[in-house]
Amino acid sequence: MRIATWNVNSIKQRLDHLVTWLRETQPDIVCLQETKCQDEAFPRLEIEAAGYNVAFHGQKTFNGVAVLSRYPFDQVTMGLPGDDTDDHARFLEAVVSTSEGVIRVASIYLPNGNPAGTEKYPYKLRWMERLASYAAERLTLEEPLVLAGDYNVIPDARDAANPEAWVDDALFLPDTRERFRALIDLGLTEAVRATTDEAGLYSFWDYQAGAWQKNKGIRIDHLLLSPQAADRLTATGIDKHMRGREKPSDHVPVWAELAIAAR
DNA sequence: ATGCCAATGCTACATTGA
């Protein structure tokens with residue numbers, strides 16, 4: 001089974017690309033971020049017509065997450081626990097049933113945190129701590145669990161074409177990377193790094209300054225796997241070609257293949 | 001040091017993103 005994550009930067013602007021990509025790559029479960037769409041306007045019918053169940057959690061203008069699944073949803077939960085005052089639509093957890101049991105998946109849109117000198121950065125760090133608390137709790141279930149999304153974290157210098165350009169950025173600051181490491185250290189496996197040590201693998205290229213043409217990318221979209229999911233990891237990939245299409249998202253899909261039979 | 005580009009909401013330009 002293939003599980004993918006993709007920050008689409010507006011579901012409405014990217015609907016044609018999304019449906020084409022679903023047909024081409026046949027993922028079983030997809031976590032989307034930055035849908036930028038209120039729930040009543042979500043293009044549910046078009047996605048259902050492509051063969052997917054869909055759960056979404058959006059808001060006006062910004063943020064917004066969704067999960068698409070070829071499997072039926074047993075359970076859908078919106079919002080990351082730990083702060084009732086946080087009204088950003090950045091987290092959606094779904095439990096799906098397969099012939100080999102349940103899989104728990106969360107679509108994550110972790111706060112950017114820039115500029116780092118403002119209240120945006122402590123919000124990011126607190127959000128990461130809430131995510132770690134959630135992950136620690138879920139890991140006790142000993143289920144296949146996939147936390148997939150736009151983490152807004154460059155884990156390592158080899159994950160940026162020009163790491164020097166990011167040293168003061170909220171995506172690469174030591175506190176950011178430490179908290180990402182702490183999350184991994186709970187017992188999660190970062191799927192792409194579990195399958196390759198290659199440098200030069202990116203999931204985002206800025207629209208500005210010819211970043212795509214110069215391949216000045218960063219790798220910030222990740223899939224974190226519980227031990228029960230990591231044990232079944234067989235392959236990962238980054239659908240880089242999607243960045244070269246007309247009117248692309250600035251992010252591309254990242255996916256992991258798990259040895260769990262499709263229906 | 002700043003704008004570069006793209007999207008939203010709105011219909012001028014501010015805000016957000018990374």
# chains A, B, ... in the order shown; residues from 1 in each chain; ligands from 1
>>> interface_residues(of="chain B", to="chain A", cutoff="9 Å", atoms="only C-alpha atoms (C1' of nucleotides)", output="ChimeraX atom specification")
/B:4-9,16-18
>>> write_last_selection(atoms="N, CA, C and O atoms (P, O5', C5', C4', C3', O3' and C1' of nucleotides)", output="PDB file, in the first residue's frame")
ATOM      1  P    DC B   4       8.731  42.464  -5.988  1.00  0.00           P
ATOM      2  O5'  DC B   4       9.307  41.088  -6.572  1.00  0.00           O
ATOM      3  C5'  DC B   4      10.266  41.098  -7.631  1.00  0.00           C
ATOM      4  C4'  DC B   4      10.927  39.750  -7.695  1.00  0.00           C
ATOM      5  C3'  DC B   4       9.937  38.587  -7.849  1.00  0.00           C
ATOM      6  O3'  DC B   4       9.985  38.135  -9.191  1.00  0.00           O
ATOM      7  C1'  DC B   4      11.680  38.096  -6.265  1.00  0.00           C
ATOM      8  P    DC B   5       8.565  37.785  -9.849  1.00  0.00           P
ATOM      9  O5'  DC B   5       8.014  36.548  -9.009  1.00  0.00           O
ATOM     10  C5'  DC B   5       8.548  35.259  -9.220  1.00  0.00           C
ATOM     11  C4'  DC B   5       7.606  34.241  -8.609  1.00  0.00           C
ATOM     12  C3'  DC B   5       6.177  34.316  -9.138  1.00  0.00           C
ATOM     13  O3'  DC B   5       5.772  32.986  -9.425  1.00  0.00           O
ATOM     14  C1'  DC B   5       6.179  34.493  -6.767  1.00  0.00           C
ATOM     15  P    DA B   6       4.427  32.687 -10.245  1.00  0.00           P
ATOM     16  O5'  DA B   6       3.384  32.387  -9.082  1.00  0.00           O
ATOM     17  C5'  DA B   6       3.514  31.163  -8.368  1.00  0.00           C
ATOM     18  C4'  DA B   6       2.531  31.138  -7.233  1.00  0.00           C
ATOM     19  C3'  DA B   6       1.064  31.372  -7.622  1.00  0.00           C
ATOM     20  O3'  DA B   6       0.348  30.235  -7.185  1.00  0.00           O
ATOM     21  C1'  DA B   6       1.647  32.630  -5.700  1.00  0.00           C
ATOM     22  P    DA B   7      -1.124  29.911  -7.781  1.00  0.00           P
ATOM     23  O5'  DA B   7      -2.076  30.282  -6.578  1.00  0.00           O
ATOM     24  C5'  DA B   7      -2.131  29.444  -5.436  1.00  0.00           C
ATOM     25  C4'  DA B   7      -2.730  30.205  -4.279  1.00  0.00           C
ATOM     26  C3'  DA B   7      -4.097  30.830  -4.560  1.00  0.00           C
ATOM     27  O3'  DA B   7      -5.108  30.006  -3.999  1.00  0.00           O
ATOM     28  C1'  DA B   7      -2.661  32.248  -3.254  1.00  0.00           C
ATOM     29  P    DT B   8      -6.649  30.408  -4.146  1.00  0.00           P
ATOM     30  O5'  DT B   8      -6.881  31.367  -2.895  1.00  0.00           O
ATOM     31  C5'  DT B   8      -6.693  30.862  -1.574  1.00  0.00           C
ATOM     32  C4'  DT B   8      -7.045  31.947  -0.576  1.00  0.00           C
ATOM     33  C3'  DT B   8      -8.415  32.567  -0.814  1.00  0.00           C
ATOM     34  O3'  DT B   8      -9.200  32.449   0.353  1.00  0.00           O
ATOM     35  C1'  DT B   8      -6.751  34.259  -0.632  1.00  0.00           C
ATOM     36  P    DG B   9     -10.790  32.630   0.273  1.00  0.00           P
ATOM     37  O5'  DG B   9     -10.958  34.188   0.550  1.00  0.00           O
ATOM     38  C5'  DG B   9     -10.662  34.720   1.835  1.00  0.00           C
ATOM     39  C4'  DG B   9     -10.770  36.231   1.776  1.00  0.00           C
ATOM     40  C3'  DG B   9     -12.087  36.743   1.155  1.00  0.00           C
ATOM     41  O3'  DG B   9     -12.551  37.839   1.923  1.00  0.00           O
ATOM     42  C1'  DG B   9     -10.268  37.678   0.041  1.00  0.00           C
ATOM     43  P    DT B  16      -0.736  37.593   8.697  1.00  0.00           P
ATOM     44  O5'  DT B  16      -0.305  36.333   7.837  1.00  0.00           O
ATOM     45  C5'  DT B  16      -1.294  35.400   7.404  1.00  0.00           C
ATOM     46  C4'  DT B  16      -0.679  34.474   6.395  1.00  0.00           C
ATOM     47  C3'  DT B  16       0.653  33.862   6.845  1.00  0.00           C
ATOM     48  O3'  DT B  16       0.435  32.512   7.166  1.00  0.00           O
ATOM     49  C1'  DT B  16       0.650  34.509   4.531  1.00  0.00           C
ATOM     50  P    DG B  17       1.604  31.585   7.775  1.00  0.00           P
ATOM     51  O5'  DG B  17       2.330  31.052   6.475  1.00  0.00           O
ATOM     52  C5'  DG B  17       1.588  30.272   5.543  1.00  0.00           C
ATOM     53  C4'  DG B  17       2.399  30.149   4.283  1.00  0.00           C
ATOM     54  C3'  DG B  17       3.814  29.593   4.478  1.00  0.00           C
ATOM     55  O3'  DG B  17       4.010  28.537   3.581  1.00  0.00           O
ATOM     56  C1'  DG B  17       3.856  31.452   3.083  1.00  0.00           C
ATOM     57  P    DA B  18       4.588  27.108   4.185  1.00  0.00           P
ATOM     58  O5'  DA B  18       6.109  27.297   3.782  1.00  0.00           O
ATOM     59  C5'  DA B  18       6.487  27.148   2.431  1.00  0.00           C
ATOM     60  C4'  DA B  18       7.930  27.579   2.264  1.00  0.00           C
ATOM     61  C3'  DA B  18       8.911  26.960   3.258  1.00  0.00           C
ATOM     62  O3'  DA B  18      10.114  26.660   2.573  1.00  0.00           O
ATOM     63  C1'  DA B  18       9.086  29.293   3.374  1.00  0.00           C
TER      64       DA B  18
END
>>> select_by_dssp(residues="stretch 115-171 of chain A", states="strand (DSSP E)", output="short mmCIF file (atom, residue, chain, number, x, y, z; two decimals) with N, CA, C and O atoms, in the first residue's frame")
data_model
loop_
_atom_site.label_atom_id
_atom_site.label_comp_id
_atom_site.auth_asym_id
_atom_site.auth_seq_id
_atom_site.Cartn_x
_atom_site.Cartn_y
_atom_site.Cartn_z
N LEU A 145 1.15 3.28 12.32
CA LEU A 145 0.79 4.70 12.44
C LEU A 145 1.70 5.49 11.50
O LEU A 145 2.91 5.28 11.48
N VAL A 146 1.10 6.39 10.71
CA VAL A 146 1.87 7.21 9.77
C VAL A 146 1.51 8.67 10.02
O VAL A 146 0.35 9.06 9.86
N LEU A 147 2.50 9.45 10.44
CA LEU A 147 2.31 10.89 10.64
C LEU A 147 2.95 11.58 9.45
O LEU A 147 4.18 11.69 9.36
N ALA A 148 2.10 12.04 8.51
CA ALA A 148 2.61 12.50 7.22
C ALA A 148 2.18 13.94 6.98
O ALA A 148 1.02 14.30 7.20
N GLY A 149 3.13 14.74 6.52
CA GLY A 149 2.73 16.10 6.21
C GLY A 149 3.87 17.03 5.93
O GLY A 149 5.02 16.63 5.76
N ASP A 150 3.49 18.32 5.91
CA ASP A 150 4.45 19.41 5.74
C ASP A 150 4.91 19.80 7.14
O ASP A 150 4.18 20.49 7.84
#
>>> select_by_dssp(residues="stretch 156-232 of chain A", states="alpha helix (DSSP H)", output="mmCIF file with C-alpha atoms, in the first residue's frame")
data_model
loop_
_atom_site.group_PDB
_atom_site.id
_atom_site.type_symbol
_atom_site.label_atom_id
_atom_site.label_comp_id
_atom_site.auth_asym_id
_atom_site.auth_seq_id
_atom_site.Cartn_x
_atom_site.Cartn_y
_atom_site.Cartn_z
ATOM 1 C CA PRO A 174 18.646 24.439 16.198
ATOM 2 C CA ASP A 175 15.500 24.472 18.399
ATOM 3 C CA THR A 176 13.407 23.349 15.423
ATOM 4 C CA ARG A 177 15.739 20.513 14.510
ATOM 5 C CA GLU A 178 16.104 19.428 18.138
ATOM 6 C CA ARG A 179 12.356 19.123 18.559
ATOM 7 C CA PHE A 180 12.080 17.182 15.301
ATOM 8 C CA ARG A 181 14.821 14.881 16.562
ATOM 9 C CA ALA A 182 12.977 14.472 19.873
ATOM 10 C CA LEU A 183 9.878 13.428 17.947
ATOM 11 C CA ILE A 184 11.861 10.802 16.015
ATOM 12 C CA ASP A 185 13.480 9.645 19.262
ATOM 13 C CA ALA A 191 10.601 7.035 5.868
ATOM 14 C CA VAL A 192 12.788 8.684 3.227
ATOM 15 C CA ARG A 193 15.910 8.656 5.420
ATOM 16 C CA ALA A 194 15.274 5.018 6.309
ATOM 17 C CA THR A 195 15.649 4.113 2.636
ATOM 18 C CA PRO A 227 7.618 0.578 14.507
ATOM 19 C CA GLN A 228 4.628 -1.438 13.275
ATOM 20 C CA ALA A 229 4.576 0.645 10.068
ATOM 21 C CA ALA A 230 8.365 0.894 9.693
#
>>> atom_distance(atom1="atom CA of A:Trp255", atom2="atom CA of A:Leu223")
7.6 Å
>>> residues_around(residues="A:Gly82", least_positions_apart="2", cutoff="7 Å", atoms="only C-alpha atoms (C1' of nucleotides)", output="PyMOL selection string")
chain A and resi 80+84+130
>>> residues_around(residues="A:Gly237", least_positions_apart="4", cutoff="12 Å", atoms="only C-alpha atoms (C1' of nucleotides)", output="list in words")
Arg2, Ile3, Ala4, Thr5, Thr25, Pro27, Ala191, Val192, Arg193, Ala194, Thr195, Thr196, Leu201, Tyr202, Ser203, Asp221, His222, Leu223, Leu233, His241, Val252, Pro253, Val254, Trp255, Ala256 and Glu257 of chain A
>>> write_last_selection(atoms="N, CA and C atoms", output="short mmCIF file (atom, residue, chain, number, x, y, z; two decimals), in the first residue's frame")
data_model
loop_
_atom_site.label_atom_id
_atom_site.label_comp_id
_atom_site.auth_asym_id
_atom_site.auth_seq_id
_atom_site.Cartn_x
_atom_site.Cartn_y
_atom_site.Cartn_z
N ARG A 2 0.43 2.22 -0.77
CA ARG A 2 1.20 3.45 -0.87
C ARG A 2 0.49 4.56 -0.11
N ILE A 3 1.25 5.23 0.77
CA ILE A 3 0.74 6.39 1.51
C ILE A 3 1.57 7.60 1.10
N ALA A 4 0.88 8.67 0.72
CA ALA A 4 1.56 9.86 0.22
C ALA A 4 1.16 11.09 1.02
N THR A 5 2.04 12.10 0.98
CA THR A 5 1.70 13.40 1.55
C THR A 5 2.02 14.47 0.52
N THR A 25 -0.54 7.57 -10.17
CA THR A 25 0.30 6.90 -9.16
C THR A 25 -0.48 5.98 -8.23
N PRO A 27 -2.13 6.06 -5.34
CA PRO A 27 -1.88 5.92 -3.91
C PRO A 27 -3.12 5.39 -3.19
N ALA A 191 10.62 8.05 6.93
CA ALA A 191 10.60 7.03 5.87
C ALA A 191 11.68 7.25 4.81
N VAL A 192 11.82 8.47 4.31
CA VAL A 192 12.79 8.68 3.23
C VAL A 192 14.21 8.40 3.71
N ARG A 193 14.55 8.87 4.90
CA ARG A 193 15.91 8.66 5.42
C ARG A 193 16.16 7.21 5.84
N ALA A 194 15.10 6.44 6.01
CA ALA A 194 15.27 5.02 6.31
C ALA A 194 15.63 4.23 5.05
N THR A 195 15.41 4.84 3.89
CA THR A 195 15.65 4.11 2.64
C THR A 195 16.82 4.66 1.83
N THR A 196 17.29 5.88 2.14
CA THR A 196 18.41 6.44 1.38
C THR A 196 19.15 7.51 2.19
N LEU A 201 17.80 15.52 -2.19
CA LEU A 201 16.39 15.13 -2.30
C LEU A 201 15.54 16.25 -1.70
N TYR A 202 14.70 16.85 -2.49
CA TYR A 202 13.91 17.98 -2.03
C TYR A 202 12.42 17.75 -2.28
N SER A 203 11.61 18.45 -1.46
CA SER A 203 10.16 18.36 -1.63
C SER A 203 9.52 19.72 -1.86
N ASP A 221 8.85 17.93 3.72
CA ASP A 221 7.64 17.11 3.80
C ASP A 221 8.07 15.68 4.15
N HIS A 222 7.51 15.15 5.23
CA HIS A 222 8.03 13.90 5.79
C HIS A 222 6.90 12.94 6.16
N LEU A 223 7.26 11.65 6.19
CA LEU A 223 6.37 10.61 6.73
C LEU A 223 7.09 9.95 7.89
N LEU A 233 8.01 -1.13 5.80
CA LEU A 233 8.45 -0.16 4.78
C LEU A 233 9.28 -0.85 3.71
N HIS A 241 8.63 15.38 -10.53
CA HIS A 241 8.14 15.87 -11.82
C HIS A 241 6.91 16.78 -11.69
N VAL A 252 5.99 19.06 -3.72
CA VAL A 252 5.64 17.88 -4.51
C VAL A 252 5.26 16.72 -3.58
N PRO A 253 4.57 15.70 -4.11
CA PRO A 253 4.20 14.56 -3.27
C PRO A 253 5.42 13.74 -2.84
N VAL A 254 5.36 13.26 -1.59
CA VAL A 254 6.35 12.33 -1.05
C VAL A 254 5.57 11.09 -0.60
N TRP A 255 6.10 9.91 -0.85
CA TRP A 255 5.32 8.71 -0.54
C TRP A 255 6.17 7.59 0.04
N ALA A 256 5.48 6.68 0.71
CA ALA A 256 6.11 5.48 1.26
C ALA A 256 5.25 4.29 0.89
N GLU A 257 5.93 3.20 0.57
CA GLU A 257 5.25 1.95 0.23
C GLU A 257 5.38 1.02 1.43
#
>>> atom_distance(atom1="atom CA of A:Ile108", atom2="atom CA of A:Asn162")
25.5 Å
>>> atom_distance(atom1="atom CA of A:Ile238", atom2="atom CA of A:Val65")
19.7 Å
>>> decode(residues="stretch 7-18 of chain B", atoms="all heavy atoms", output="CSV table (one decimal), in the first residue's frame")
chain,number,residue,atom,x,y,z
B,7,DA,P,-1.1,29.9,-7.8
B,7,DA,OP1,-1.2,28.5,-8.0
B,7,DA,OP2,-1.4,30.9,-8.9
B,7,DA,O5',-2.1,30.3,-6.6
B,7,DA,C5',-2.1,29.4,-5.4
B,7,DA,C4',-2.7,30.2,-4.3
B,7,DA,O4',-1.9,31.3,-4.0
B,7,DA,C3',-4.1,30.8,-4.6
B,7,DA,O3',-5.1,30.0,-4.0
B,7,DA,C2',-4.0,32.2,-3.9
B,7,DA,C1',-2.7,32.2,-3.3
B,7,DA,N9,-2.1,33.6,-3.4
B,7,DA,C8,-1.7,34.2,-4.6
B,7,DA,N7,-1.2,35.4,-4.4
B,7,DA,C5,-1.3,35.6,-3.1
B,7,DA,C6,-1.0,36.7,-2.2
B,7,DA,N6,-0.5,37.8,-2.7
B,7,DA,N1,-1.2,36.6,-0.9
B,7,DA,C2,-1.7,35.4,-0.5
B,7,DA,N3,-2.1,34.3,-1.1
B,7,DA,C4,-1.8,34.5,-2.4
B,8,DT,P,-6.6,30.4,-4.1
B,8,DT,OP1,-7.4,29.2,-3.9
B,8,DT,OP2,-6.8,31.2,-5.4
B,8,DT,O5',-6.9,31.4,-2.9
B,8,DT,C5',-6.7,30.9,-1.6
B,8,DT,C4',-7.0,31.9,-0.6
B,8,DT,O4',-6.1,33.0,-0.7
B,8,DT,C3',-8.4,32.6,-0.8
B,8,DT,O3',-9.2,32.4,0.4
B,8,DT,C2',-8.2,34.0,-1.2
B,8,DT,C1',-6.8,34.3,-0.6
B,8,DT,N1,-6.0,35.2,-1.4
B,8,DT,C2,-5.4,36.3,-0.8
B,8,DT,O2,-5.5,36.5,0.4
B,8,DT,N3,-4.7,37.1,-1.6
B,8,DT,C4,-4.5,37.0,-2.9
B,8,DT,O4,-3.8,37.8,-3.6
B,8,DT,C5,-5.1,35.9,-3.6
B,8,DT,C7,-4.9,35.6,-5.0
B,8,DT,C6,-5.8,35.0,-2.8
B,9,DG,P,-10.8,32.6,0.3
B,9,DG,OP1,-11.4,31.9,1.4
B,9,DG,OP2,-11.2,32.4,-1.1
B,9,DG,O5',-11.0,34.2,0.5
B,9,DG,C5',-10.7,34.7,1.8
B,9,DG,C4',-10.8,36.2,1.8
B,9,DG,O4',-9.7,36.7,0.9
B,9,DG,C3',-12.1,36.7,1.2
B,9,DG,O3',-12.6,37.8,1.9
B,9,DG,C2',-11.7,37.2,-0.2
B,9,DG,C1',-10.3,37.7,0.0
B,9,DG,N9,-9.4,37.8,-1.1
B,9,DG,C8,-9.4,37.0,-2.3
B,9,DG,N7,-8.5,37.4,-3.1
B,9,DG,C5,-7.9,38.5,-2.5
B,9,DG,C6,-6.8,39.4,-3.0
B,9,DG,O6,-6.2,39.3,-4.0
B,9,DG,N1,-6.5,40.4,-2.0
B,9,DG,C2,-7.1,40.5,-0.8
B,9,DG,N2,-6.7,41.5,0.0
B,9,DG,N3,-8.1,39.7,-0.4
B,9,DG,C4,-8.4,38.8,-1.3
B,10,DC,P,-13.9,38.6,1.6
B,10,DC,OP1,-14.4,39.2,2.8
B,10,DC,OP2,-14.8,37.6,0.8
B,10,DC,O5',-13.5,39.8,0.6
B,10,DC,C5',-12.5,40.7,1.0
B,10,DC,C4',-12.1,41.5,-0.2
B,10,DC,O4',-11.4,40.7,-1.2
B,10,DC,C3',-13.2,42.3,-0.9
B,10,DC,O3',-12.8,43.6,-1.0
B,10,DC,C2',-13.2,41.6,-2.3
B,10,DC,C1',-11.8,41.2,-2.5
B,10,DC,N1,-11.6,40.0,-3.4
B,10,DC,C2,-10.5,40.1,-4.3
B,10,DC,O2,-9.7,41.1,-4.2
B,10,DC,N3,-10.3,39.1,-5.2
B,10,DC,C4,-11.1,38.1,-5.2
B,10,DC,N4,-10.8,37.1,-6.1
B,10,DC,C5,-12.2,38.0,-4.4
B,10,DC,C6,-12.4,39.0,-3.5
B,11,DT,P,-13.9,44.7,-1.4
B,11,DT,OP1,-13.7,45.8,-0.4
B,11,DT,OP2,-15.2,44.1,-1.7
B,11,DT,O5',-13.4,45.3,-2.8
B,11,DT,C5',-12.0,45.5,-3.0
B,11,DT,C4',-11.5,45.3,-4.4
B,11,DT,O4',-11.6,43.9,-4.8
B,11,DT,C3',-12.3,46.1,-5.5
B,11,DT,O3',-11.3,46.9,-6.1
B,11,DT,C2',-12.8,45.0,-6.4
B,11,DT,C1',-11.8,43.9,-6.2
B,11,DT,N1,-12.4,42.5,-6.5
B,11,DT,C2,-11.6,41.6,-7.1
B,11,DT,O2,-10.4,41.8,-7.4
B,11,DT,N3,-12.2,40.4,-7.3
B,11,DT,C4,-13.5,40.0,-7.0
B,11,DT,O4,-13.9,38.9,-7.2
B,11,DT,C5,-14.3,41.0,-6.4
B,11,DT,C7,-15.7,40.8,-6.0
B,11,DT,C6,-13.7,42.2,-6.2
B,12,DA,P,-11.4,48.4,-5.9
B,12,DA,OP1,-12.5,48.9,-5.1
B,12,DA,OP2,-11.2,49.0,-7.2
B,12,DA,O5',-10.1,48.7,-5.0
B,12,DA,C5',-8.9,49.4,-5.5
B,12,DA,C4',-7.9,49.5,-4.4
B,12,DA,O4',-8.0,48.4,-3.5
B,12,DA,C3',-6.5,49.5,-5.0
B,12,DA,O3',-5.7,50.3,-4.2
B,12,DA,C2',-6.1,48.0,-4.9
B,12,DA,C1',-6.8,47.5,-3.7
B,12,DA,N9,-7.4,46.2,-3.8
B,12,DA,C8,-7.6,45.5,-5.0
B,12,DA,N7,-8.1,44.3,-4.8
B,12,DA,C5,-8.3,44.2,-3.5
B,12,DA,C6,-8.8,43.2,-2.6
B,12,DA,N6,-9.2,42.0,-3.1
B,12,DA,N1,-8.8,43.4,-1.3
B,12,DA,C2,-8.3,44.6,-0.8
B,12,DA,N3,-7.8,45.6,-1.5
B,12,DA,C4,-7.8,45.4,-2.8
B,13,DC,P,-4.1,50.3,-4.3
B,13,DC,OP1,-3.7,51.6,-3.7
B,13,DC,OP2,-3.7,49.9,-5.6
B,13,DC,O5',-3.8,49.2,-3.2
B,13,DC,C5',-4.3,49.3,-1.9
B,13,DC,C4',-4.0,48.0,-1.1
B,13,DC,O4',-4.6,46.9,-1.8
B,13,DC,C3',-2.5,47.7,-0.9
B,13,DC,O3',-2.4,47.4,0.5
B,13,DC,C2',-2.3,46.4,-1.8
B,13,DC,C1',-3.7,45.8,-1.6
B,13,DC,N1,-4.0,44.7,-2.6
B,13,DC,C2,-4.7,43.6,-2.1
B,13,DC,O2,-5.0,43.5,-0.9
B,13,DC,N3,-5.0,42.6,-3.0
B,13,DC,C4,-4.6,42.7,-4.2
B,13,DC,N4,-4.9,41.7,-5.0
B,13,DC,C5,-3.9,43.8,-4.7
B,13,DC,C6,-3.6,44.8,-3.9
B,14,DA,P,-1.1,47.7,1.2
B,14,DA,OP1,-1.1,49.1,1.6
B,14,DA,OP2,0.1,47.1,0.5
B,14,DA,O5',-1.4,46.8,2.5
B,14,DA,C5',-2.7,46.9,3.2
B,14,DA,C4',-3.0,45.6,3.8
B,14,DA,O4',-3.4,44.6,2.8
B,14,DA,C3',-1.8,44.9,4.5
B,14,DA,O3',-2.3,44.4,5.8
B,14,DA,C2',-1.3,43.8,3.6
B,14,DA,C1',-2.6,43.4,2.9
B,14,DA,N9,-2.5,42.8,1.6
B,14,DA,C8,-1.7,43.4,0.5
B,14,DA,N7,-1.7,42.6,-0.6
B,14,DA,C5,-2.5,41.5,-0.2
B,14,DA,C6,-2.9,40.4,-0.9
B,14,DA,N6,-2.6,40.2,-2.2
B,14,DA,N1,-3.7,39.5,-0.3
B,14,DA,C2,-4.1,39.8,1.0
B,14,DA,N3,-3.7,40.8,1.8
B,14,DA,C4,-3.0,41.7,1.1
B,15,DT,P,-1.2,43.8,6.8
B,15,DT,OP1,-1.7,44.0,8.1
B,15,DT,OP2,0.2,44.1,6.4
B,15,DT,O5',-1.4,42.2,6.5
B,15,DT,C5',-2.7,41.6,6.6
B,15,DT,C4',-2.5,40.1,6.3
B,15,DT,O4',-2.4,39.9,4.9
B,15,DT,C3',-1.3,39.5,7.0
B,15,DT,O3',-1.7,38.4,7.7
B,15,DT,C2',-0.4,39.0,5.8
B,15,DT,C1',-1.5,38.9,4.7
B,15,DT,N1,-0.9,39.1,3.3
B,15,DT,C2,-1.3,38.2,2.3
B,15,DT,O2,-2.0,37.2,2.5
B,15,DT,N3,-0.8,38.4,1.1
B,15,DT,C4,0.0,39.5,0.7
B,15,DT,O4,0.4,39.6,-0.5
B,15,DT,C5,0.4,40.4,1.8
B,15,DT,C7,1.2,41.6,1.5
B,15,DT,C6,-0.1,40.2,3.0
B,16,DT,P,-0.7,37.6,8.7
B,16,DT,OP1,-1.6,37.1,9.8
B,16,DT,OP2,0.5,38.4,8.9
B,16,DT,O5',-0.3,36.3,7.8
B,16,DT,C5',-1.3,35.4,7.4
B,16,DT,C4',-0.7,34.5,6.4
B,16,DT,O4',-0.4,35.2,5.2
B,16,DT,C3',0.7,33.9,6.8
B,16,DT,O3',0.4,32.5,7.2
B,16,DT,C2',1.6,34.1,5.6
B,16,DT,C1',0.7,34.5,4.5
B,16,DT,N1,1.2,35.4,3.5
B,16,DT,C2,1.2,35.1,2.2
B,16,DT,O2,0.6,34.1,1.8
B,16,DT,N3,1.7,36.0,1.4
B,16,DT,C4,2.4,37.2,1.7
B,16,DT,O4,2.9,37.9,0.9
B,16,DT,C5,2.4,37.5,3.1
B,16,DT,C7,3.1,38.7,3.6
B,16,DT,C6,1.9,36.6,4.0
B,17,DG,P,1.6,31.6,7.8
B,17,DG,OP1,0.9,30.5,8.4
B,17,DG,OP2,2.6,32.4,8.5
B,17,DG,O5',2.3,31.1,6.5
B,17,DG,C5',1.6,30.3,5.5
B,17,DG,C4',2.4,30.1,4.3
B,17,DG,O4',2.6,31.4,3.7
B,17,DG,C3',3.8,29.6,4.5
B,17,DG,O3',4.0,28.5,3.6
B,17,DG,C2',4.7,30.8,4.1
B,17,DG,C1',3.9,31.5,3.1
B,17,DG,N9,4.3,32.8,2.7
B,17,DG,C8,4.6,33.8,3.6
B,17,DG,N7,4.9,34.9,2.9
B,17,DG,C5,4.9,34.6,1.6
B,17,DG,C6,5.2,35.3,0.4
B,17,DG,O6,5.6,36.5,0.3
B,17,DG,N1,5.0,34.5,-0.7
B,17,DG,C2,4.6,33.2,-0.8
B,17,DG,N2,4.4,32.7,-1.9
B,17,DG,N3,4.3,32.5,0.3
B,17,DG,C4,4.5,33.2,1.5
B,18,DA,P,4.6,27.1,4.2
B,18,DA,OP1,4.0,26.0,3.4
B,18,DA,OP2,4.5,27.1,5.7
B,18,DA,O5',6.1,27.3,3.8
B,18,DA,C5',6.5,27.1,2.4
B,18,DA,C4',7.9,27.6,2.3
B,18,DA,O4',8.0,29.0,2.4
B,18,DA,C3',8.9,27.0,3.3
B,18,DA,O3',10.1,26.7,2.6
B,18,DA,C2',9.2,28.1,4.3
B,18,DA,C1',9.1,29.3,3.4
B,18,DA,N9,8.7,30.5,4.0
B,18,DA,C8,7.9,30.7,5.1
B,18,DA,N7,7.7,32.0,5.5
B,18,DA,C5,8.5,32.7,4.6
B,18,DA,C6,8.8,34.0,4.4
B,18,DA,N6,8.3,35.0,5.2
B,18,DA,N1,9.6,34.4,3.4
B,18,DA,C2,10.1,33.4,2.6
B,18,DA,N3,9.9,32.1,2.7
B,18,DA,C4,9.1,31.8,3.7
